[in-house]
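Participant: Have a look at this one.
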Amino acid sequence: MTTTTEAQITENGHSSQHQERKWQDYFTFSTDHKVIGIQYLVTAFFFYLVGGALAEAMRIELATPDPDFVQPEFYNQLMTMHGSIMLFLWIIPAGAAFANYLIPLMIGAEDMAFPRLNAVAFWIIPPGGIFFLSSFFIGTAQAGWTSYPPLSLVSGKWGEEIWILSVLLLGTSSIFGAINFVTTIFKMRMPDMDIHSMPLFCWSMLATSALIILGTPVLAAALILLSFDLIAGTAFFNPAGGGDPIVYQHMFWFYSHPAVYIMILPFFGVISEVLPVHSRKPIFGYRAIAYSSLAISFLGLIVWAHHMFTSGTPGWLRMFFMATTMIIAVPTGIKIFSWCATLWGGKLNLNSALLFGVGFLSSFLIGGLSGVMLASAPFDIHVHDTYFIVAHFHYVLFGGAVFGLFAAVYHWFPKMSGRMVNETLGRIHFALTFIGFNLTFLPMHPLGLQGMNRRIALYDPQFQSLNMLVTIGSFILAVSTFPFLINIIWSVFKGEKAPRNPWRALTLEWQTASPPIIENFEEEPVLWAGPYEYGIDIESVDGEESVEEMLAEVGAES
Amino acid sequence: MQSPALDESKVTLNYHQEAVTGHHGHPDHRMFGVFVFLIADSMTFLGLFAAFMIYRTIMPAWPPEGTPELELLVPIINTAILVTSSFVMHKGQDALKKGDISGLQLWFGLTAIMGLAFLLGQGYEYFHAEFGLTTNLFTSCFFALTGFHGLHVATGVLLILSVLWRSRDKGHYSSTSHFGVEAAEIYWHFVDVIWLVLFVIVYLIN
Ligand code: HEM
Ligand SMILES: [Cu+2]
């Protein structure tokens with residue numbers, strides 16, 4: 001393990017085969033999973049900035065009780081586009097970005113199982129996203145990211161139709177991606193790696209892909225029928241023509257509740273990778289974490305009607321969905337406890353990656369707890385469609401998924417780019433994000449409890465002061481993006497060169513060069529320790545070096 | 001659970017060696033991928049069927065009053081055609097496994113014709129129906145479900161035709177390497193099974 005890259009190349013006589021990566025590759029139909037991963041990540045980030053700008057516009061409007069900055073109708077469009085972009089063009093593609101980049105490296109494979117399908121999955125996204133945004137020219141959808149009929153049938157036909165078609169496109173991309181992840185994880189692991197020595201990120205992607213494959217097609221079915229109602233004059237969901245809007249809600253949430261796990265599970269996986277490395281401790285409860293992902297995935301399929309407690313759902317059905325929803329807190333709690341136990345007594349290196357990891361833990365915990373409150377039907381009936389909901393899902397989506405995502409970016413940036421990030425800027429980014437995030441979303445809890453409705457541009461003046469606070473918080477969030485952008489752009493070009501394993505990590509992606517060569521590994525990667533055996537002084541096979549010593553050497557290699 | 005990996009550490013792995021066996025430089029996982037895709041596709045139908053069954057359960061009258069009776073003759077013939085075609089198609093694969101390319105072409109060609117006959121039958125049914133897409137909720141469901149299935153049949157026919165097209169190249173398919181043939185066949189059986197479910201819930205139980 002101590003030989004340098006060059007030495008290994010000449011030893012194996014491979015050097016002639018090595019191609020160099022060109023920057024142009026990132027703009028082509030490349031089938032290399034590493035290129036595709038970066039393409040996903042950069043595209044998703046672009047849409048994050050768009051979605052963020054829309055959110056800031058909403059917050060400016062909501063700083064005062066009167067609709068003075070934008071018309072209420074336009075507010076509805078901003079809100080619909082903000083929600084849909086953040087979900088379908090930011091979080092879901094960003095999860096796919098890391099899955100694409102990391103899965104083959106983590107399991108010692110050369111690429112994904114179906115590289116061309118993979119490239120197709122990515123290249124659906126930019127046109128899909130542009131098509132989506134183009135609806136601003138003809139009046140975008142206004143019915144929220146949920147597009148409930150009959151509202152969605154009476155508010156701007158073509159904007160709504162573009163919304164439907166874009167979501168169908170993006171859903172197709174997501175299904176193609178998931179087929180690839182499942183096949184790769186099951187079929188392409190290096191022979192020595194059994195499913196229980198696979199990194200936890202792969203487990204979480206397995207659970208995610210299962211949900212994508214089982215859920216997304218049902219959403220597609222619902223949207224196809226909605227499209228008929230909109231364009232062809234049928235009445236599947238239109239009560240005016242004898243249809244039933246509740247059927248849409250069932251089909252929609254059959255996908256969209258699992259979708260919240262599609263958005264968070266990849267980052268559960270990320271956290272399981274980031275915490276052990278930077279606290280130099282084995283993960284606590286490997287199997288508990290792995291299996292709880294599967295349990296979440298299964299339970300996630302049978303809780304959807306907790307979004308419909310106020311839709312006339314009969315009492316016994318509410319009881320069922322209330323119970324299953326609360327049960328999800330068990331596997332989720334297992335994960336939280338395992339992560340805390342992993343940190344406990346570790347040698348924490350509070351760099352940007354771990355800071356975001358810990359930020360994830362605390363914010364996601366709050367989102368999870370308010371989720372358990374909402375699972376209780378009597379409580380939910382009171383706060384349904386209030387800002388308490390908005391607070392809850394931003395704690396999960398922003399405090400959970402986005403924090404996890406930034407942890408992932410800081411953790412794998414050296415691998416992806418071959419450069420280190422600037423830690424000072426990274427910490428400033430974290431501090432601003434954490435403060436801004438809590439300032440923006442914490443006050444939404446009391447606002448909701450006091451009865452402020454969501455999805456409105458105009459509100460009762462009694463809510464003014466808290467809303468002003470929220471808007472200030474959202475400005476801090478906007479500002480927090482700059483240190484991040486500057487850091488990334490500066491580091492890509494000018495950052496200190498990263499060695500192959502700067503964090504002395506054990507998973508396989510760190511056994512190859514930074515950035516990895518096109519074929520991923522110079523020679524077959526070697527599984528010389530389980531993925532999380534940090535800090536325990538087991539003798540290696542040589543009987544001389546401990547795992548930590550070997551890691552120290554690898555860490556010094558370039 | 002992680003220690004076994006340690007024991008075997010520093011064993012050189014021969015994944016490159018294994019890699020040459022497949023079609024595109026690594027072992028062939030495409031059939032696995034096809035299965036995963038079919039799971040996804042069957043969920044689309046499950047969604048549509050579930051919607052149909054919910055309507056059937058909650059609506060005061062189903063089909064709504066005044067809905068004309070569905071003609072059964074054409075769909076029954078269609079069902080017979082589609083079910084038989086699955087067996088016909090399988091004979092094609094059997095022939096190929098014995099190395100008989102023209103047998104493959106014969107049976108697959110026949111399957112494609114049967115598929116087209118099914119689609120013609122469906123066209124006839126649509127054309128002669130006494131109701132339209134927007135007549136009522138039941139008729140909308142009828143067209144949405146049979147239409148979506150019909151699209152799948154059409155896709156299946158195209159797949160079969162592309163297999164036939166490729167089989168003109170000598171050596172494109174052989175008794176051991178014939179992913180395209182198998183995938184087309186699995187897809188066709190899938191479409192067939194979906195039809196049986198659809199036939200029961202749309203035509204028989206109302
Ligand atoms: C920049 C920070 C963000 C701010 C200031 C913000 C603010 C808002 C606001 C004001 C609303 C509308 C509330 C309403 O009128 O009901 C909203 C809705 C929403 N946001 Fe965000 N948000 C941010 C980030 C995110 C992120 C990162 C995600 C997801 C990953 C997200 C997902 C959503 C969703 C799904 C909705 C619901 C839209 C709907 O009601 O249809 N937001 N957000
Ligand atoms: Cu839910």
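Each chain of the structure tokens is named A, B, ... in the order shown, its residues numbered from 1; ligands are numbered from 1 in display order.
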Enumerate residues in contact with ligand 1: an atom-to-atom distance of at most 7 Å, counting only C-alpha atoms and all ligand atoms. Format the result as a VMD selection string.
Facilitator: chain A and resid 52 55 to 56 58 to 59 79 to 80 82 to 84 86 to 87 90 to 91 144 to 146 387 390 394 397 to 398 401 to 402 440 454 to 457 474 477 to 478
Participant: Hey, which residues come within 7 Å of ligand 2 if we count only C-alpha atoms and all ligand atoms? Could you give them as a PyMOL selection string?
Facilitator: chain A and resi 257+260+303-304+306-307
Participant: Once DSSP has gone over the backbone, tell me which residues of segment 99-196 of chain B are in alpha helix (DSSP H), as an MDAnalysis selection string.
Facilitator: chainID B and resid 101:128 137:167 179:196
Participant: Enumerate as a PyMOL selection string the residues belonging to chain A that approach chain B to within 9 Å, with only C-alpha atoms taken into account.
Facilitator: chain A and resi 109+113-114+175-176+179-180+182-184+187-188+190-194+196-197+212-222+225+228+232-236+241-244+247-248+250-251+286-287+524-533+540-541
Participant: Set the distance at 12 Å and use only C-alpha atoms: which residues neighbour His172 of chain B once local chain neighbours fewer than 4 positions away are removed? I'd like the list as a list in words.
Facilitator: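 The residues that qualify are His23, Leu96, Gly99, Ile101, Val163, Leu164, Trp165, Arg166, Ser167, Arg168, Thr176, Ser177, His178, Phe179, Gly180 and Val181 of chain B.
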Participant: Here is a test: counting only C-alpha atoms, which residue of A:Ser352, A:Ser279, A:Gln77, A:Asn100 is nearest to Arg504 of chain A?
Facilitator: A:Ser279
Participant: Atom CA of Phe131 of chain B to atom CA of Pro149 of chain A: how many Å, to one decimal?
Facilitator: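 Distance between the two atoms: 25.1 Å.
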Participant: Would you kindly return, as a PyMOL selection string, each protein, DNA or RNA residue with an atom no farther than 12 Å from any atom of His189 of chain B, considering only C-alpha atoms and excluding same-chain residues fewer than 2 positions away?
Facilitator: chain B and resi 38+82-90+111+115+152-153+156+182-187+191-196
Participant: Based on the selection just made, write N, CA and C atoms of those residues as a PDB file, in the first residue's frame.
Facilitator:
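Output file out24.pdb follows:
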ATOM      1  N   LEU B  38     -39.367  -3.947 -15.132  1.00  0.00           N
ATOM      2  CA  LEU B  38     -40.739  -4.458 -15.203  1.00  0.00           C
ATOM      3  C   LEU B  38     -41.457  -4.293 -13.863  1.00  0.00           C
ATOM      4  N   LEU B  82     -53.803 -13.004 -27.657  1.00  0.00           N
ATOM      5  CA  LEU B  82     -52.637 -12.573 -26.882  1.00  0.00           C
ATOM      6  C   LEU B  82     -52.047 -13.738 -26.081  1.00  0.00           C
ATOM      7  N   VAL B  83     -52.935 -14.537 -25.465  1.00  0.00           N
ATOM      8  CA  VAL B  83     -52.431 -15.657 -24.666  1.00  0.00           C
ATOM      9  C   VAL B  83     -51.709 -16.664 -25.564  1.00  0.00           C
ATOM     10  N   THR B  84     -52.324 -16.973 -26.711  1.00  0.00           N
ATOM     11  CA  THR B  84     -51.659 -17.915 -27.617  1.00  0.00           C
ATOM     12  C   THR B  84     -50.318 -17.364 -28.072  1.00  0.00           C
ATOM     13  N   SER B  85     -50.279 -16.073 -28.336  1.00  0.00           N
ATOM     14  CA  SER B  85     -49.050 -15.498 -28.885  1.00  0.00           C
ATOM     15  C   SER B  85     -47.873 -15.695 -27.931  1.00  0.00           C
ATOM     16  N   SER B  86     -48.163 -15.720 -26.630  1.00  0.00           N
ATOM     17  CA  SER B  86     -47.077 -15.937 -25.680  1.00  0.00           C
ATOM     18  C   SER B  86     -46.421 -17.300 -25.900  1.00  0.00           C
ATOM     19  N   PHE B  87     -47.260 -18.294 -26.189  1.00  0.00           N
ATOM     20  CA  PHE B  87     -46.698 -19.637 -26.427  1.00  0.00           C
ATOM     21  C   PHE B  87     -45.973 -19.692 -27.768  1.00  0.00           C
ATOM     22  N   VAL B  88     -46.602 -19.067 -28.753  1.00  0.00           N
ATOM     23  CA  VAL B  88     -45.971 -19.020 -30.079  1.00  0.00           C
ATOM     24  C   VAL B  88     -44.575 -18.412 -29.956  1.00  0.00           C
ATOM     25  N   MET B  89     -44.494 -17.319 -29.205  1.00  0.00           N
ATOM     26  CA  MET B  89     -43.219 -16.628 -29.082  1.00  0.00           C
ATOM     27  C   MET B  89     -42.192 -17.520 -28.409  1.00  0.00           C
ATOM     28  N   HIS B  90     -42.678 -18.265 -27.416  1.00  0.00           N
ATOM     29  CA  HIS B  90     -41.721 -19.109 -26.710  1.00  0.00           C
ATOM     30  C   HIS B  90     -41.112 -20.151 -27.634  1.00  0.00           C
ATOM     31  N   THR B 111     -45.710 -14.022 -33.950  1.00  0.00           N
ATOM     32  CA  THR B 111     -46.107 -13.275 -32.742  1.00  0.00           C
ATOM     33  C   THR B 111     -46.401 -11.821 -33.081  1.00  0.00           C
ATOM     34  N   GLY B 115     -49.773  -9.815 -32.480  1.00  0.00           N
ATOM     35  CA  GLY B 115     -49.813  -8.553 -31.735  1.00  0.00           C
ATOM     36  C   GLY B 115     -50.540  -7.490 -32.530  1.00  0.00           C
ATOM     37  N   HIS B 152     -48.460  -0.499 -24.577  1.00  0.00           N
ATOM     38  CA  HIS B 152     -47.456  -1.508 -24.236  1.00  0.00           C
ATOM     39  C   HIS B 152     -47.406  -2.602 -25.294  1.00  0.00           C
ATOM     40  N   VAL B 153     -48.596  -2.994 -25.803  1.00  0.00           N
ATOM     41  CA  VAL B 153     -48.598  -4.011 -26.856  1.00  0.00           C
ATOM     42  C   VAL B 153     -47.839  -3.474 -28.064  1.00  0.00           C
ATOM     43  N   GLY B 156     -44.293  -3.686 -27.534  1.00  0.00           N
ATOM     44  CA  GLY B 156     -43.851  -5.071 -27.644  1.00  0.00           C
ATOM     45  C   GLY B 156     -43.681  -5.477 -29.101  1.00  0.00           C
ATOM     46  N   GLU B 182     -34.572 -12.725 -25.414  1.00  0.00           N
ATOM     47  CA  GLU B 182     -35.165 -13.024 -24.107  1.00  0.00           C
ATOM     48  C   GLU B 182     -35.890 -11.819 -23.535  1.00  0.00           C
ATOM     49  N   ALA B 183     -35.259 -10.641 -23.679  1.00  0.00           N
ATOM     50  CA  ALA B 183     -35.881  -9.448 -23.115  1.00  0.00           C
ATOM     51  C   ALA B 183     -37.218  -9.192 -23.788  1.00  0.00           C
ATOM     52  N   ALA B 184     -37.256  -9.309 -25.122  1.00  0.00           N
ATOM     53  CA  ALA B 184     -38.514  -9.081 -25.836  1.00  0.00           C
ATOM     54  C   ALA B 184     -39.565 -10.074 -25.352  1.00  0.00           C
ATOM     55  N   GLU B 185     -39.131 -11.302 -25.121  1.00  0.00           N
ATOM     56  CA  GLU B 185     -40.098 -12.311 -24.715  1.00  0.00           C
ATOM     57  C   GLU B 185     -40.644 -12.055 -23.315  1.00  0.00           C
ATOM     58  N   ILE B 186     -39.740 -11.730 -22.393  1.00  0.00           N
ATOM     59  CA  ILE B 186     -40.194 -11.442 -21.031  1.00  0.00           C
ATOM     60  C   ILE B 186     -41.186 -10.280 -21.031  1.00  0.00           C
ATOM     61  N   TYR B 187     -40.841  -9.277 -21.824  1.00  0.00           N
ATOM     62  CA  TYR B 187     -41.715  -8.114 -21.889  1.00  0.00           C
ATOM     63  C   TYR B 187     -43.090  -8.524 -22.408  1.00  0.00           C
ATOM     64  N   VAL B 191     -46.747  -8.120 -20.643  1.00  0.00           N
ATOM     65  CA  VAL B 191     -47.896  -7.416 -21.209  1.00  0.00           C
ATOM     66  C   VAL B 191     -49.123  -8.333 -21.244  1.00  0.00           C
ATOM     67  N   ASP B 192     -48.861  -9.580 -21.485  1.00  0.00           N
ATOM     68  CA  ASP B 192     -49.907 -10.586 -21.526  1.00  0.00           C
ATOM     69  C   ASP B 192     -50.589 -10.743 -20.152  1.00  0.00           C
ATOM     70  N   VAL B 193     -49.772 -10.871 -19.130  1.00  0.00           N
ATOM     71  CA  VAL B 193     -50.323 -11.038 -17.779  1.00  0.00           C
ATOM     72  C   VAL B 193     -51.128  -9.809 -17.380  1.00  0.00           C
ATOM     73  N   ILE B 194     -50.580  -8.631 -17.681  1.00  0.00           N
ATOM     74  CA  ILE B 194     -51.307  -7.399 -17.359  1.00  0.00           C
ATOM     75  C   ILE B 194     -52.679  -7.417 -18.041  1.00  0.00           C
ATOM     76  N   TRP B 195     -52.690  -7.879 -19.291  1.00  0.00           N
ATOM     77  CA  TRP B 195     -53.974  -7.917 -20.004  1.00  0.00           C
ATOM     78  C   TRP B 195     -54.989  -8.789 -19.285  1.00  0.00           C
ATOM     79  N   LEU B 196     -54.536  -9.926 -18.782  1.00  0.00           N
ATOM     80  CA  LEU B 196     -55.481 -10.823 -18.110  1.00  0.00           C
ATOM     81  C   LEU B 196     -56.111 -10.128 -16.906  1.00  0.00           C
TER      82      LEU B 196
END
Participant: Any idea what's packed within 12 Å of Ala117 of chain B, counting only C-alpha atoms, ignoring anything in its chain fewer than 2 positions away? Could you give it as a ChimeraX atom specification?
Facilitator: /B:74-75,77-82,85,110-115,119-124,150,153-154,157
Participant: Name the residues in contact with Gly95 of chain A at a cut-off of 9 Å, using only C-alpha atoms, excluding same-chain residues fewer than 2 positions from it; report them as a PyMOL selection string.
Facilitator: chain A and resi 40-41+90-93+97-100+205+262-267+401+405
Participant: Using the selection just defined, write its residues with N, CA and C atoms as an mmCIF file, in the first residue's frame.
Facilitator:
data_model
loop_
_atom_site.group_PDB
_atom_site.id
_atom_site.type_symbol
_atom_site.label_atom_id
_atom_site.label_comp_id
_atom_site.auth_asym_id
_atom_site.auth_seq_id
_atom_site.Cartn_x
_atom_site.Cartn_y
_atom_site.Cartn_z
ATOM 1 N N TYR A 40 -24.443 15.677 -12.529
ATOM 2 C CA TYR A 40 -25.633 15.754 -11.690
ATOM 3 C C TYR A 40 -25.462 16.831 -10.613
ATOM 4 N N LEU A 41 -24.312 16.802 -9.960
ATOM 5 C CA LEU A 41 -24.127 17.673 -8.805
ATOM 6 C C LEU A 41 -24.161 19.137 -9.224
ATOM 7 N N TRP A 90 -33.297 19.597 -7.306
ATOM 8 C CA TRP A 90 -32.149 19.819 -6.421
ATOM 9 C C TRP A 90 -31.888 18.582 -5.568
ATOM 10 N N ILE A 91 -32.783 18.264 -4.647
ATOM 11 C CA ILE A 91 -32.450 17.218 -3.707
ATOM 12 C C ILE A 91 -32.378 15.839 -4.362
ATOM 13 N N ILE A 92 -33.361 15.495 -5.178
ATOM 14 C CA ILE A 92 -33.336 14.148 -5.767
ATOM 15 C C ILE A 92 -32.141 13.980 -6.704
ATOM 16 N N PRO A 93 -31.895 14.909 -7.631
ATOM 17 C CA PRO A 93 -30.685 14.752 -8.457
ATOM 18 C C PRO A 93 -29.393 14.804 -7.642
ATOM 19 N N ALA A 97 -26.442 12.231 -7.633
ATOM 20 C CA ALA A 97 -25.072 12.633 -7.940
ATOM 21 C C ALA A 97 -24.087 11.828 -7.107
ATOM 22 N N PHE A 98 -24.316 11.804 -5.810
ATOM 23 C CA PHE A 98 -23.367 11.079 -4.953
ATOM 24 C C PHE A 98 -23.452 9.579 -5.189
ATOM 25 N N ALA A 99 -24.664 9.099 -5.434
ATOM 26 C CA ALA A 99 -24.791 7.666 -5.701
ATOM 27 C C ALA A 99 -23.989 7.291 -6.934
ATOM 28 N N ASN A 100 -24.097 8.108 -7.972
ATOM 29 C CA ASN A 100 -23.353 7.810 -9.189
ATOM 30 C C ASN A 100 -21.865 7.859 -8.961
ATOM 31 N N MET A 205 -28.628 3.614 -0.413
ATOM 32 C CA MET A 205 -29.059 3.789 -1.800
ATOM 33 C C MET A 205 -29.921 2.623 -2.273
ATOM 34 N N ILE A 262 -36.906 9.137 -0.242
ATOM 35 C CA ILE A 262 -35.994 9.179 -1.389
ATOM 36 C C ILE A 262 -35.049 10.372 -1.224
ATOM 37 N N MET A 263 -35.560 11.433 -0.597
ATOM 38 C CA MET A 263 -34.737 12.633 -0.458
ATOM 39 C C MET A 263 -33.820 12.570 0.751
ATOM 40 N N ILE A 264 -34.193 11.851 1.780
ATOM 41 C CA ILE A 264 -33.370 11.892 2.989
ATOM 42 C C ILE A 264 -32.460 10.670 3.125
ATOM 43 N N LEU A 265 -32.898 9.500 2.643
ATOM 44 C CA LEU A 265 -32.083 8.292 2.851
ATOM 45 C C LEU A 265 -30.663 8.408 2.284
ATOM 46 N N PRO A 266 -30.472 8.957 1.082
ATOM 47 C CA PRO A 266 -29.087 9.054 0.603
ATOM 48 C C PRO A 266 -28.202 9.815 1.595
ATOM 49 N N PHE A 267 -28.798 10.796 2.267
ATOM 50 C CA PHE A 267 -27.981 11.598 3.172
ATOM 51 C C PHE A 267 -27.835 10.928 4.533
ATOM 52 N N ALA A 401 -31.610 16.913 4.681
ATOM 53 C CA ALA A 401 -31.001 16.611 3.387
ATOM 54 C C ALA A 401 -29.926 17.619 2.984
ATOM 55 N N LEU A 405 -26.039 16.999 2.533
ATOM 56 C CA LEU A 405 -25.441 17.196 1.225
ATOM 57 C C LEU A 405 -24.155 18.016 1.322
#
Participant: Separation of atom CA of Ser292 of chain A and atom CA of Val274 of chain A, in Å?
Facilitator: 18.1 Å
Participant: What does the distance from atom CA of Pro245 of chain A to atom CA of Met308 of chain A come to in Å, to one decimal?
Facilitator: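 Separation of atom CA of Pro245 of chain A and atom CA of Met308 of chain A: 11.8 Å.
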Participant: Let me make sure I understand: among A:Phe136, A:Phe74, A:Phe320, A:Trp503, which one has the smallest atom-to-atom distance to Pro414 of chain A if we use only C-alpha atoms?
Facilitator: A:Trp503
Participant: What lies within 9 Å of Ile85 of chain A using only C-alpha atoms, ignoring chain neighbours under 6 positions off, as a PDB file with N, CA, C and O atoms, in the first residue's frame?
Facilitator:
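Done, and the output landed in part-v1.pdb:
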ATOM      1  N   PHE A  47     -29.834  24.515 -10.003  1.00  0.00           N
ATOM      2  CA  PHE A  47     -31.263  24.650  -9.716  1.00  0.00           C
ATOM      3  C   PHE A  47     -31.505  25.027  -8.248  1.00  0.00           C
ATOM      4  O   PHE A  47     -32.524  25.636  -7.925  1.00  0.00           O
ATOM      5  N   TYR A  48     -30.576  24.682  -7.383  1.00  0.00           N
ATOM      6  CA  TYR A  48     -30.684  25.120  -5.987  1.00  0.00           C
ATOM      7  C   TYR A  48     -30.646  26.645  -5.928  1.00  0.00           C
ATOM      8  O   TYR A  48     -31.430  27.265  -5.203  1.00  0.00           O
ATOM      9  N   VAL A  50     -31.517  28.691  -8.289  1.00  0.00           N
ATOM     10  CA  VAL A  50     -32.793  29.191  -8.817  1.00  0.00           C
ATOM     11  C   VAL A  50     -33.881  29.065  -7.753  1.00  0.00           C
ATOM     12  O   VAL A  50     -34.585  30.033  -7.431  1.00  0.00           O
ATOM     13  N   GLY A  51     -34.000  27.866  -7.185  1.00  0.00           N
ATOM     14  CA  GLY A  51     -35.031  27.645  -6.159  1.00  0.00           C
ATOM     15  C   GLY A  51     -34.842  28.566  -4.970  1.00  0.00           C
ATOM     16  O   GLY A  51     -35.809  29.056  -4.384  1.00  0.00           O
ATOM     17  N   ILE A  91     -32.783  18.264  -4.647  1.00  0.00           N
ATOM     18  CA  ILE A  91     -32.450  17.218  -3.707  1.00  0.00           C
ATOM     19  C   ILE A  91     -32.378  15.839  -4.362  1.00  0.00           C
ATOM     20  O   ILE A  91     -31.424  15.090  -4.156  1.00  0.00           O
ATOM     21  N   GLY A 129     -35.437  20.422 -16.826  1.00  0.00           N
ATOM     22  CA  GLY A 129     -35.400  21.597 -15.960  1.00  0.00           C
ATOM     23  C   GLY A 129     -35.668  22.877 -16.733  1.00  0.00           C
ATOM     24  O   GLY A 129     -36.413  23.763 -16.280  1.00  0.00           O
ATOM     25  N   PHE A 132     -39.253  23.097 -17.588  1.00  0.00           N
ATOM     26  CA  PHE A 132     -39.938  23.476 -16.370  1.00  0.00           C
ATOM     27  C   PHE A 132     -39.909  24.995 -16.189  1.00  0.00           C
ATOM     28  O   PHE A 132     -40.941  25.645 -16.027  1.00  0.00           O
ATOM     29  N   TRP A 145     -46.666  22.283  -5.035  1.00  0.00           N
ATOM     30  CA  TRP A 145     -45.939  21.131  -5.585  1.00  0.00           C
ATOM     31  C   TRP A 145     -46.804  19.885  -5.568  1.00  0.00           C
ATOM     32  O   TRP A 145     -46.501  18.894  -6.198  1.00  0.00           O
TER      33      TRP A 145
END
